[in-house]
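Enquirer: Structure file model.cif, mmCIF, C-alpha atoms, is pasted below:
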data_entry
#
loop_
_atom_site.group_PDB
_atom_site.id
_atom_site.type_symbol
_atom_site.label_atom_id
_atom_site.label_comp_id
_atom_site.auth_asym_id
_atom_site.auth_seq_id
_atom_site.Cartn_x
_atom_site.Cartn_y
_atom_site.Cartn_z
ATOM 1 C CA MET A 12 9.285 -16.706 30.286
ATOM 2 C CA ASP A 13 7.912 -19.608 32.324
ATOM 3 C CA MET A 14 4.449 -18.210 31.651
ATOM 4 C CA PHE A 15 4.522 -19.361 28.053
ATOM 5 C CA LEU A 16 7.388 -21.872 28.060
ATOM 6 C CA SER A 17 5.187 -24.131 30.166
ATOM 7 C CA ASP A 18 3.261 -24.693 26.930
ATOM 8 C CA LEU A 19 6.175 -24.133 24.516
ATOM 9 C CA THR A 20 9.389 -26.172 24.527
ATOM 10 C CA PRO A 21 12.770 -24.481 23.950
ATOM 11 C CA ALA A 22 12.943 -26.051 20.484
ATOM 12 C CA LEU A 23 9.530 -24.671 19.535
ATOM 13 C CA PHE A 24 10.471 -21.286 20.990
ATOM 14 C CA ALA A 25 13.591 -21.247 18.774
ATOM 15 C CA LEU A 26 11.428 -22.177 15.795
ATOM 16 C CA ALA A 27 9.077 -19.304 16.645
ATOM 17 C CA CYS A 28 12.069 -16.935 16.648
ATOM 18 C CA LEU A 29 13.121 -18.228 13.227
ATOM 19 C CA VAL A 30 9.622 -17.736 11.809
ATOM 20 C CA THR A 31 9.583 -14.192 13.191
ATOM 21 C CA LEU A 32 13.061 -13.425 11.772
ATOM 22 C CA VAL A 33 11.888 -14.499 8.306
ATOM 23 C CA ALA A 34 8.702 -12.479 8.705
ATOM 24 C CA GLY A 35 10.694 -9.371 9.632
ATOM 25 C CA THR A 36 13.021 -9.803 6.655
ATOM 26 C CA VAL A 37 10.119 -10.115 4.224
ATOM 27 C CA LYS A 38 8.496 -7.047 5.762
ATOM 28 C CA GLY A 39 11.663 -5.002 5.415
ATOM 29 C CA MET A 40 11.835 -5.907 1.721
ATOM 30 C CA VAL A 41 8.220 -5.327 0.629
ATOM 31 C CA GLY A 42 6.652 -3.451 3.562
ATOM 32 C CA PHE A 43 4.115 -6.049 4.637
ATOM 33 C CA ALA A 44 3.456 -9.776 5.218
ATOM 34 C CA MET A 45 4.803 -10.004 8.780
ATOM 35 C CA PRO A 46 1.416 -10.941 10.296
ATOM 36 C CA MET A 47 0.688 -13.336 7.425
ATOM 37 C CA VAL A 48 4.035 -15.110 7.724
ATOM 38 C CA MET A 49 3.890 -15.190 11.513
ATOM 39 C CA ILE A 50 0.324 -16.376 11.926
ATOM 40 C CA SER A 51 0.635 -19.024 9.217
ATOM 41 C CA GLY A 52 4.009 -20.194 10.538
ATOM 42 C CA LEU A 53 3.351 -19.991 14.272
ATOM 43 C CA SER A 54 -0.119 -21.524 14.108
ATOM 44 C CA SER A 55 1.495 -24.666 12.710
ATOM 45 C CA PHE A 56 2.808 -25.503 16.188
ATOM 46 C CA VAL A 57 1.073 -23.183 18.702
ATOM 47 C CA THR A 58 -2.563 -22.327 19.322
ATOM 48 C CA PRO A 59 -4.194 -19.701 17.053
ATOM 49 C CA GLU A 60 -4.666 -17.400 20.053
ATOM 50 C CA LEU A 61 -0.969 -17.538 20.994
ATOM 51 C CA ALA A 62 0.054 -17.032 17.357
ATOM 52 C CA LEU A 63 -2.160 -13.934 17.132
ATOM 53 C CA ALA A 64 -0.861 -12.575 20.434
ATOM 54 C CA GLY A 65 2.731 -13.258 19.382
ATOM 55 C CA LEU A 66 2.572 -11.037 16.324
ATOM 56 C CA ILE A 67 0.998 -8.014 18.037
ATOM 57 C CA LEU A 68 3.999 -6.300 19.713
ATOM 58 C CA PRO A 69 6.430 -7.080 16.851
ATOM 59 C CA THR A 70 3.905 -5.613 14.445
ATOM 60 C CA VAL A 71 3.684 -2.389 16.455
ATOM 61 C CA ALA A 72 7.467 -1.991 16.781
ATOM 62 C CA THR A 73 8.416 -2.826 13.187
ATOM 63 C CA ASN A 74 5.734 -0.620 11.708
ATOM 64 C CA LEU A 75 6.733 2.374 13.802
ATOM 65 C CA GLN A 76 10.326 1.949 12.670
ATOM 66 C CA GLN A 77 9.212 1.487 9.081
ATOM 67 C CA ALA A 78 6.952 4.561 9.158
ATOM 68 C CA PHE A 79 9.446 6.997 10.725
ATOM 69 C CA ARG A 80 12.482 5.781 8.805
ATOM 70 C CA HIS A 81 12.542 8.958 6.668
ATOM 71 C CA GLY A 82 11.310 11.509 9.211
ATOM 72 C CA ALA A 83 8.115 12.801 10.802
ATOM 73 C CA GLY A 84 7.340 15.241 7.972
ATOM 74 C CA GLU A 85 6.935 12.447 5.457
ATOM 75 C CA VAL A 86 4.727 10.590 7.917
ATOM 76 C CA TRP A 87 2.330 13.525 8.261
ATOM 77 C CA ALA A 88 2.082 13.994 4.500
ATOM 78 C CA ALA A 89 1.167 10.336 4.085
ATOM 79 C CA VAL A 90 -1.443 10.520 6.864
ATOM 80 C CA VAL A 91 -3.134 13.459 5.132
ATOM 81 C CA ARG A 92 -3.103 11.724 1.766
ATOM 82 C CA PHE A 93 -4.608 8.469 3.053
ATOM 83 C CA ARG A 94 -6.776 9.831 5.878
ATOM 84 C CA ILE A 95 -10.007 8.263 4.560
ATOM 85 C CA PHE A 96 -8.412 4.832 4.339
ATOM 86 C CA LEU A 97 -7.035 5.205 7.871
ATOM 87 C CA MET A 98 -10.312 6.348 9.423
ATOM 88 C CA ALA A 99 -12.423 3.660 7.759
ATOM 89 C CA GLY A 100 -9.900 0.969 8.619
ATOM 90 C CA GLY A 101 -9.609 2.025 12.253
ATOM 91 C CA LEU A 102 -13.332 2.002 12.868
ATOM 92 C CA MET A 103 -13.820 -1.419 11.298
ATOM 93 C CA LEU A 104 -10.823 -2.902 13.116
ATOM 94 C CA LEU A 105 -12.205 -1.876 16.513
ATOM 95 C CA ALA A 106 -15.622 -3.270 15.642
ATOM 96 C CA PHE A 107 -14.491 -6.623 14.243
ATOM 97 C CA ALA A 108 -11.775 -7.362 16.828
ATOM 98 C CA GLN A 109 -14.497 -8.320 19.283
ATOM 99 C CA LEU A 110 -15.677 -11.082 16.921
ATOM 100 C CA VAL A 111 -12.362 -12.963 16.942
ATOM 101 C CA SER A 112 -13.794 -15.802 19.060
ATOM 102 C CA LEU A 113 -16.951 -16.090 16.930
ATOM 103 C CA VAL A 114 -15.521 -16.414 13.422
ATOM 104 C CA PRO A 115 -14.168 -19.912 12.542
ATOM 105 C CA ALA A 116 -10.472 -19.609 11.761
ATOM 106 C CA SER A 117 -10.750 -21.879 8.716
ATOM 107 C CA VAL A 118 -13.474 -19.739 7.142
ATOM 108 C CA MET A 119 -11.527 -16.550 7.812
ATOM 109 C CA LEU A 120 -8.249 -17.857 6.360
ATOM 110 C CA LEU A 121 -9.893 -19.448 3.318
ATOM 111 C CA SER A 122 -11.837 -16.293 2.452
ATOM 112 C CA ILE A 123 -8.789 -14.036 2.686
ATOM 113 C CA GLY A 124 -6.655 -16.507 0.745
ATOM 114 C CA VAL A 125 -9.071 -16.860 -2.169
ATOM 115 C CA ILE A 126 -9.453 -13.084 -2.612
ATOM 116 C CA VAL A 127 -5.716 -12.392 -2.394
ATOM 117 C CA SER A 128 -4.664 -15.247 -4.682
ATOM 118 C CA LEU A 129 -7.261 -14.418 -7.337
ATOM 119 C CA PHE A 130 -6.428 -10.715 -7.437
ATOM 120 C CA THR A 131 -2.650 -11.085 -7.465
ATOM 121 C CA GLY A 132 -2.779 -14.087 -9.798
ATOM 122 C CA LEU A 133 -4.555 -11.948 -12.389
ATOM 123 C CA GLN A 134 -1.954 -9.226 -11.911
ATOM 124 C CA LEU A 135 0.893 -11.679 -12.439
ATOM 125 C CA LEU A 136 -0.802 -12.720 -15.687
ATOM 126 C CA GLY A 137 -0.786 -9.121 -16.912
ATOM 127 C CA TRP A 138 -3.983 -7.522 -15.576
ATOM 128 C CA SER A 139 -3.101 -4.051 -14.333
ATOM 129 C CA PRO A 140 -6.074 -2.170 -12.842
ATOM 130 C CA SER A 141 -5.663 1.489 -11.895
ATOM 131 C CA PHE A 142 -7.666 3.199 -9.152
ATOM 132 C CA ALA A 143 -5.742 6.482 -9.234
ATOM 133 C CA ARG A 144 -8.876 8.395 -10.271
ATOM 134 C CA ALA A 145 -11.389 6.326 -8.323
ATOM 135 C CA PRO A 146 -13.794 8.183 -5.982
ATOM 136 C CA LYS A 147 -12.970 8.520 -2.300
ATOM 137 C CA ARG A 148 -15.660 6.013 -1.345
ATOM 138 C CA PHE A 149 -13.525 3.381 -3.063
ATOM 139 C CA GLU A 150 -10.655 4.256 -0.729
ATOM 140 C CA ALA A 151 -13.051 3.968 2.223
ATOM 141 C CA LEU A 152 -14.160 0.528 0.994
ATOM 142 C CA PHE A 153 -10.591 -0.795 0.833
ATOM 143 C CA GLY A 154 -9.815 0.712 4.239
ATOM 144 C CA GLY A 155 -12.924 -0.790 5.796
ATOM 145 C CA VAL A 156 -12.208 -4.249 4.405
ATOM 146 C CA ALA A 157 -8.581 -4.060 5.586
ATOM 147 C CA GLY A 158 -9.688 -3.041 9.076
ATOM 148 C CA ALA A 159 -12.367 -5.733 9.343
ATOM 149 C CA ILE A 160 -9.940 -8.478 8.315
ATOM 150 C CA GLY A 161 -7.259 -7.108 10.630
ATOM 151 C CA GLY A 162 -9.552 -6.992 13.617
ATOM 152 C CA VAL A 163 -10.459 -10.660 13.299
ATOM 153 C CA SER A 164 -7.138 -12.116 12.180
ATOM 154 C CA GLY A 165 -4.333 -9.585 12.714
ATOM 155 C CA ILE A 166 -3.870 -9.621 8.907
ATOM 156 C CA TRP A 167 -4.785 -6.380 7.155
ATOM 157 C CA GLY A 168 -1.989 -6.222 4.616
ATOM 158 C CA PRO A 169 -3.561 -7.785 1.486
ATOM 159 C CA PRO A 170 -6.276 -5.204 0.747
ATOM 160 C CA THR A 171 -3.889 -2.392 1.697
ATOM 161 C CA VAL A 172 -1.124 -3.615 -0.594
ATOM 162 C CA MET A 173 -3.572 -4.318 -3.410
ATOM 163 C CA TYR A 174 -4.877 -0.755 -3.150
ATOM 164 C CA LEU A 175 -1.400 0.803 -3.086
ATOM 165 C CA GLY A 176 -0.356 -1.417 -5.972
ATOM 166 C CA THR A 177 -3.160 -0.155 -8.167
ATOM 167 C CA LEU A 178 -1.978 3.394 -7.418
ATOM 168 C CA ASP A 179 1.589 2.358 -8.410
ATOM 169 C CA VAL A 180 3.046 4.071 -5.339
ATOM 170 C CA GLU A 181 6.860 4.479 -5.388
ATOM 171 C CA LYS A 182 8.588 1.709 -3.421
ATOM 172 C CA ARG A 183 10.080 3.860 -0.651
ATOM 173 C CA GLU A 184 6.812 5.733 -0.179
ATOM 174 C CA SER A 185 4.951 2.436 -0.226
ATOM 175 C CA LEU A 186 6.985 1.158 2.715
ATOM 176 C CA ARG A 187 6.377 4.396 4.631
ATOM 177 C CA ILE A 188 2.631 4.450 4.007
ATOM 178 C CA GLN A 189 2.296 0.790 4.890
ATOM 179 C CA GLY A 190 4.231 1.379 8.103
ATOM 180 C CA ILE A 191 1.839 4.174 9.086
ATOM 181 C CA ILE A 192 -1.305 2.240 8.202
ATOM 182 C CA TYR A 193 -0.213 -0.992 9.839
ATOM 183 C CA GLY A 194 1.326 0.815 12.803
ATOM 184 C CA LEU A 195 -1.881 2.646 13.664
ATOM 185 C CA GLY A 196 -3.816 -0.540 13.110
ATOM 186 C CA ALA A 197 -1.438 -2.470 15.361
ATOM 187 C CA VAL A 198 -1.886 0.022 18.205
ATOM 188 C CA LEU A 199 -5.645 -0.370 17.892
ATOM 189 C CA LEU A 200 -5.151 -4.138 17.771
ATOM 190 C CA VAL A 201 -3.309 -4.028 21.108
ATOM 191 C CA ILE A 202 -6.152 -2.068 22.679
ATOM 192 C CA SER A 203 -8.790 -4.320 21.130
ATOM 193 C CA HIS A 204 -7.193 -7.585 22.171
ATOM 194 C CA LEU A 205 -6.482 -6.437 25.692
ATOM 195 C CA GLY A 206 -10.262 -6.221 25.793
ATOM 196 C CA SER A 207 -10.928 -9.480 23.946
ATOM 197 C CA GLY A 208 -8.546 -11.433 26.189
ATOM 198 C CA VAL A 209 -6.176 -12.605 23.434
ATOM 199 C CA LEU A 210 -3.355 -10.449 24.860
ATOM 200 C CA ASN A 211 -3.044 -11.365 28.531
ATOM 201 C CA ALA A 212 -0.534 -12.200 31.274
ATOM 202 C CA ARG A 213 0.286 -15.572 29.659
ATOM 203 C CA THR A 214 0.644 -14.452 26.042
ATOM 204 C CA LEU A 215 2.204 -10.988 26.503
ATOM 205 C CA PRO A 216 5.710 -12.298 27.407
ATOM 206 C CA PHE A 217 5.749 -14.418 24.248
ATOM 207 C CA SER A 218 4.833 -11.408 22.124
ATOM 208 C CA ALA A 219 7.561 -9.336 23.806
ATOM 209 C CA ALA A 220 10.128 -12.097 23.178
ATOM 210 C CA MET A 221 9.387 -11.979 19.451
ATOM 211 C CA LEU A 222 10.495 -8.325 19.271
ATOM 212 C CA VAL A 223 14.202 -9.163 18.934
ATOM 213 C CA PRO A 224 14.015 -11.467 15.881
ATOM 214 C CA ALA A 225 11.377 -9.227 14.297
ATOM 215 C CA LEU A 226 13.507 -6.067 14.479
ATOM 216 C CA LEU A 227 16.633 -7.908 13.373
ATOM 217 C CA GLY A 228 14.823 -9.318 10.356
ATOM 218 C CA LEU A 229 13.451 -5.874 9.508
ATOM 219 C CA GLN A 230 16.955 -4.413 9.245
ATOM 220 C CA ILE A 231 18.042 -7.247 6.974
ATOM 221 C CA GLY A 232 14.991 -6.642 4.803
ATOM 222 C CA PHE A 233 15.667 -2.881 4.581
ATOM 223 C CA ARG A 234 19.129 -3.577 3.168
ATOM 224 C CA LEU A 235 17.705 -5.925 0.544
ATOM 225 C CA HIS A 236 14.956 -3.407 -0.317
ATOM 226 C CA GLU A 237 17.492 -0.753 -1.254
ATOM 227 C CA ARG A 238 19.008 -3.074 -3.869
ATOM 228 C CA ILE A 239 15.873 -3.620 -5.972
ATOM 229 C CA ASP A 240 14.290 -1.216 -8.495
ATOM 230 C CA GLN A 241 10.631 -0.137 -8.716
ATOM 231 C CA LYS A 242 9.599 -2.735 -11.292
ATOM 232 C CA SER A 243 11.233 -5.547 -9.342
ATOM 233 C CA PHE A 244 9.690 -4.257 -6.116
ATOM 234 C CA LYS A 245 6.186 -4.334 -7.597
ATOM 235 C CA ARG A 246 6.698 -7.815 -9.008
ATOM 236 C CA LEU A 247 8.141 -9.101 -5.745
ATOM 237 C CA THR A 248 5.180 -7.635 -3.884
ATOM 238 C CA GLN A 249 2.754 -9.471 -6.156
ATOM 239 C CA VAL A 250 4.624 -12.758 -5.793
ATOM 240 C CA VAL A 251 4.719 -12.488 -1.983
ATOM 241 C CA LEU A 252 1.013 -11.670 -1.908
ATOM 242 C CA PHE A 253 0.160 -14.573 -4.202
ATOM 243 C CA LEU A 254 2.181 -17.088 -2.157
ATOM 244 C CA ALA A 255 0.689 -15.750 1.070
ATOM 245 C CA GLY A 256 -2.783 -16.162 -0.379
ATOM 246 C CA LEU A 257 -2.115 -19.771 -1.390
ATOM 247 C CA ASN A 258 -0.785 -20.530 2.079
ATOM 248 C CA LEU A 259 -3.880 -19.037 3.684
ATOM 249 C CA ILE A 260 -6.053 -21.216 1.439
ATOM 250 C CA ARG A 261 -4.039 -24.262 2.512
ATOM 251 C CA LYS A 262 -4.455 -23.376 6.160
ATOM 252 C CA GLY A 263 -8.166 -22.733 5.699
ATOM 253 C CA LEU A 264 -8.769 -26.091 4.004
ATOM 254 C CA MET A 265 -6.703 -28.014 6.537
ATOM 255 C CA GLY A 266 -8.218 -26.230 9.521
#
Please render this file's structure as structure tokens.

Expert:
Amino acid sequence: MDMFLSDLTPALFALACLVTLVAGTVKGMVGFAMPMVMISGLSSFVTPELALAGLILPTVATNLQQAFRHGAGEVWAAVVRFRIFLMAGGLMLLAFAQLVSLVPASVMLLSIGVIVSLFTGLQLLGWSPSFARAPKRFEALFGGVAGAIGGVSGIWGPPTVMYLGTLDVEKRESLRIQGIIYGLGAVLLVISHLGSGVLNARTLPFSAAMLVPALLGLQIGFRLHERIDQKSFKRLTQVVLFLAGLNLIRKGLMG
């Protein structure tokens, strides 16, 4: 722990645990937003590199638990259904992860925030697009965009959730599919950022320490998820996305 506590006081470490607990709870409820909550919260008091490293191992662990919650058979069926999205996203994530030190953080956060807020804001006002019959290249486009954003920022939830939302995927299946997509992406993120230098001997212990509050929050979120119906789940997802987008815009403008 001394590796990262030399730069992080006990009070700030406790605050990081609290941010991660909240992030895990939100993820358990709607299936996503852990990286968004963590990177926006943690980067308020630690460096962007440490914030990104901190979310990596919790993201892997929570997504694996989320994906396999209802058995391996359901996981395989979801992989087959969304294979184009997964392949496109994986390739773009590996490619763009190496650009993390070249893209200004403010530009990245502002761009993501504007897109997410605009799309979900229109949905909250009543716009309800449907891509259920869209061609497969549309799925590849969403997957590629999600992977590119994830490689640079560790945030690939917004385009994924927007795509699933337009398909009106059932809430339990939505959590499973998101767990698979984000879990595979998180594994690739670990590999990519071992190469980029973001995940190293100084930052890895911090990321490992965030596993406990992340998994605890996830279990709390799962319990809350079971108490809401499909309509409420979809609305809650849109609200969380919209608020996350506004926060990313704020961070982008201030950064």

Enquirer: Could you list the residues chosen by the PyMOL selection byres ((chain A and resi 254) around 12) in this structure as a list in words?

Expert: Ala44, Met47, Val48, Ser51, Gly124, Val125, Val127, Ser128, Leu129, Phe130, Thr131, Gly132, Leu135, Pro169, Leu247, Thr248, Gln249, Val250, Val251, Leu252, Phe253, Ala255, Gly256, Leu257, Asn258, Leu259, Ile260 and Arg261 of chain A

Enquirer: What is the atom CA of Leu235 of chain A to atom CA of Thr70 of chain A distance in Å?

Expert: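 Separation of atom CA of Leu235 of chain A and atom CA of Thr70 of chain A: 19.6 Å.
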
Enquirer: Have a look at A:Phe96, A:Leu121, A:Leu136, A:Arg213 and name the one nearest to Val156 of chain A; count only C-alpha atoms.

Expert: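 When distances to Val156 of chain A are compared using only C-alpha atoms, the smallest one comes from A:Phe96.
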
Enquirer: In terms of the shortest atom-to-atom distance over only C-alpha atoms, which of A:Thr31, A:Gln76, A:Gln109, A:Gln189 is closest to Ile160 of chain A?

Expert: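 Answer, going by the shortest atom-to-atom distance: A:Gln109.
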
Enquirer: Around (-6.5, -8.3, 13.2) in the file's own coordinates, what residues are found within 10 Å if you use all atoms listed in the file, given back as an MDAnalysis selection string?

Expert: chainID A and resid 46 63 66:67 104:105 107:108 111 157:168 196:197 199:201 203:204

Enquirer: Find the residue from A:Gly82, A:Gly155, A:Gly39, A:Pro21 that sits nearest to Lys182 of chain A; use all atoms listed in the file when measuring.

Expert: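 Closest to Lys182 of chain A of all the choices is A:Gly39.
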
Enquirer: Write out as a list of chain:residue names which residues come within 8 Å of Arg234 of chain A when counting all atoms listed in the file, dropping same-chain ones fewer than 4 positions away.

Expert: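 Contacts, in chain order: A:Gly39, A:Met40, A:Gln230, A:Arg238.
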
Enquirer: In Å to one decimal, how far is atom CA of Thr20 of chain A from atom CA of Met265 of chain A?

Expert: 24.2 Å

Enquirer: Can you put N, CA and C atoms back into segment 41-69 of chain A and show it as an mmCIF file, in the frame of the given file?

Expert:
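Final file, rebuild_32.cif:
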data_model
loop_
_atom_site.group_PDB
_atom_site.id
_atom_site.type_symbol
_atom_site.label_atom_id
_atom_site.label_comp_id
_atom_site.auth_asym_id
_atom_site.auth_seq_id
_atom_site.Cartn_x
_atom_site.Cartn_y
_atom_site.Cartn_z
ATOM 1 N N VAL A 41 9.419 -5.735 1.384
ATOM 2 C CA VAL A 41 8.220 -5.327 0.629
ATOM 3 C C VAL A 41 7.248 -4.473 1.437
ATOM 4 N N GLY A 42 7.480 -4.334 2.759
ATOM 5 C CA GLY A 42 6.652 -3.451 3.562
ATOM 6 C C GLY A 42 5.506 -4.112 4.280
ATOM 7 N N PHE A 43 5.260 -5.378 4.023
ATOM 8 C CA PHE A 43 4.115 -6.049 4.637
ATOM 9 C C PHE A 43 4.432 -7.529 4.802
ATOM 10 N N ALA A 44 3.423 -8.305 5.140
ATOM 11 C CA ALA A 44 3.456 -9.776 5.218
ATOM 12 C C ALA A 44 3.952 -10.312 6.553
ATOM 13 N N MET A 45 4.389 -9.471 7.486
ATOM 14 C CA MET A 45 4.803 -10.004 8.780
ATOM 15 C C MET A 45 3.676 -10.760 9.484
ATOM 16 N N PRO A 46 2.481 -10.172 9.634
ATOM 17 C CA PRO A 46 1.416 -10.941 10.296
ATOM 18 C C PRO A 46 1.053 -12.215 9.544
ATOM 19 N N MET A 47 1.043 -12.156 8.204
ATOM 20 C CA MET A 47 0.688 -13.336 7.425
ATOM 21 C C MET A 47 1.707 -14.447 7.615
ATOM 22 N N VAL A 48 2.989 -14.106 7.549
ATOM 23 C CA VAL A 48 4.035 -15.110 7.724
ATOM 24 C C VAL A 48 4.016 -15.655 9.151
ATOM 25 N N MET A 49 3.859 -14.762 10.120
ATOM 26 C CA MET A 49 3.890 -15.190 11.513
ATOM 27 C C MET A 49 2.694 -16.054 11.882
ATOM 28 N N ILE A 50 1.496 -15.618 11.481
ATOM 29 C CA ILE A 50 0.324 -16.376 11.926
ATOM 30 C C ILE A 50 0.227 -17.715 11.207
ATOM 31 N N SER A 51 0.665 -17.752 9.940
ATOM 32 C CA SER A 51 0.635 -19.024 9.217
ATOM 33 C C SER A 51 1.731 -19.952 9.713
ATOM 34 N N GLY A 52 2.909 -19.382 10.037
ATOM 35 C CA GLY A 52 4.009 -20.194 10.538
ATOM 36 C C GLY A 52 3.814 -20.630 11.979
ATOM 37 N N LEU A 53 3.490 -19.676 12.852
ATOM 38 C CA LEU A 53 3.351 -19.991 14.272
ATOM 39 C C LEU A 53 2.174 -20.912 14.558
ATOM 40 N N SER A 54 1.072 -20.713 13.836
ATOM 41 C CA SER A 54 -0.119 -21.524 14.108
ATOM 42 C C SER A 54 0.063 -22.978 13.684
ATOM 43 N N SER A 55 1.195 -23.277 13.047
ATOM 44 C CA SER A 55 1.495 -24.666 12.710
ATOM 45 C C SER A 55 1.910 -25.465 13.940
ATOM 46 N N PHE A 56 2.351 -24.760 15.006
ATOM 47 C CA PHE A 56 2.808 -25.503 16.188
ATOM 48 C C PHE A 56 2.397 -24.870 17.520
ATOM 49 N N VAL A 57 1.658 -23.736 17.480
ATOM 50 C CA VAL A 57 1.073 -23.183 18.702
ATOM 51 C C VAL A 57 -0.408 -22.912 18.443
ATOM 52 N N THR A 58 -1.140 -22.595 19.477
ATOM 53 C CA THR A 58 -2.563 -22.327 19.322
ATOM 54 C C THR A 58 -2.783 -21.040 18.520
ATOM 55 N N PRO A 59 -3.919 -20.926 17.810
ATOM 56 C CA PRO A 59 -4.194 -19.701 17.053
ATOM 57 C C PRO A 59 -4.167 -18.442 17.915
ATOM 58 N N GLU A 60 -4.642 -18.558 19.157
ATOM 59 C CA GLU A 60 -4.666 -17.400 20.053
ATOM 60 C C GLU A 60 -3.255 -16.942 20.402
ATOM 61 N N LEU A 61 -2.353 -17.901 20.666
ATOM 62 C CA LEU A 61 -0.969 -17.538 20.994
ATOM 63 C C LEU A 61 -0.251 -16.989 19.768
ATOM 64 N N ALA A 62 -0.539 -17.545 18.596
ATOM 65 C CA ALA A 62 0.054 -17.032 17.357
ATOM 66 C C ALA A 62 -0.369 -15.590 17.116
ATOM 67 N N LEU A 63 -1.655 -15.300 17.315
ATOM 68 C CA LEU A 63 -2.160 -13.934 17.132
ATOM 69 C C LEU A 63 -1.539 -12.993 18.148
ATOM 70 N N ALA A 64 -1.473 -13.416 19.400
ATOM 71 C CA ALA A 64 -0.861 -12.575 20.434
ATOM 72 C C ALA A 64 0.613 -12.340 20.136
ATOM 73 N N GLY A 65 1.306 -13.367 19.638
ATOM 74 C CA GLY A 65 2.731 -13.258 19.382
ATOM 75 C C GLY A 65 3.099 -12.223 18.352
ATOM 76 N N LEU A 66 2.238 -11.989 17.394
ATOM 77 C CA LEU A 66 2.572 -11.037 16.324
ATOM 78 C C LEU A 66 2.260 -9.588 16.692
ATOM 79 N N ILE A 67 1.515 -9.362 17.765
ATOM 80 C CA ILE A 67 0.998 -8.014 18.037
ATOM 81 C C ILE A 67 2.106 -7.013 18.365
ATOM 82 N N LEU A 68 2.944 -7.262 19.363
ATOM 83 C CA LEU A 68 3.999 -6.300 19.713
ATOM 84 C C LEU A 68 5.053 -6.158 18.618
ATOM 85 N N PRO A 69 5.513 -7.256 17.979
ATOM 86 C CA PRO A 69 6.430 -7.080 16.851
ATOM 87 C C PRO A 69 5.840 -6.252 15.722
#
